[in-house]
Amino acid sequence: MSDFFDFGSLALGALSWIIPVFAISQFQKGNKLKNVSFYSVTFCTCAIVFQLLQIRHRVNIQDFSGIMDTIGAVSVVSVIHVVITFLLNITAISLIDTENK
């Protein structure tokens with residue numbers, strides 16, 4: 001179960017960054033992708049929820065030392081992930097909005 005949460009979090013986190021980068025690259029080619037931020041932020045949220053479920057799983061199996069070893073890194077990486085996701089989405093949205101004006 002632990003591997004499922006780890007892989008799911010990594011896959012969803014990667015998707016949350018790939019989607020706005022793809023939208024930016026498509027914009028440079030002349031295509032305008034709308035609503036990319038909704039999907040990207042949704043995947044980012046799901047990735048963080050998977051991390052919370054991972055912590056819950058560790059509590060259920062009483063792996064408190066594992067929680068104490070990883071909670072610092074998980075919290076820092078989660079904040080960095082959210083910040084980068086929002087910056088990528090703001091960039092993608094501003095490019096699309098600038099072109100529409």
# chains A, B, ... in the order shown; residues from 1 in each chain; ligands from 1
$ residues_around --residues "segment 63-79 of chain A" --least-positions-apart "3" --cutoff "12 Å" --atoms "only C-alpha atoms" --output "VMD selection string"
chain A and resid 2 6 9 to 10 13 44 to 60 82 to 86
$ closest_residue --among "A:Asp3, A:Pro20, A:Gln62, A:Lys34" --to "Ile90 of chain A" --atoms "only C-alpha atoms"
A:Pro20
$ closest_residue --among "A:Met1, A:Ile96, A:Val41, A:Leu88" --to "Gln28 of chain A" --atoms "only C-alpha atoms"
A:Ile96
$ atom_distance --atom1 "atom CA of Gly8 of chain A" --atom2 "atom CA of Phe38 of chain A"
18.8 Å
$ residues_around --residues "Ile93 of chain A" --least-positions-apart "6" --cutoff "12 Å" --atoms "only C-alpha atoms" --output "NGL selection string"
:A and (19-21 or 23-24 or 27 or 32-38 or 40 or 86-87 or 99-100)
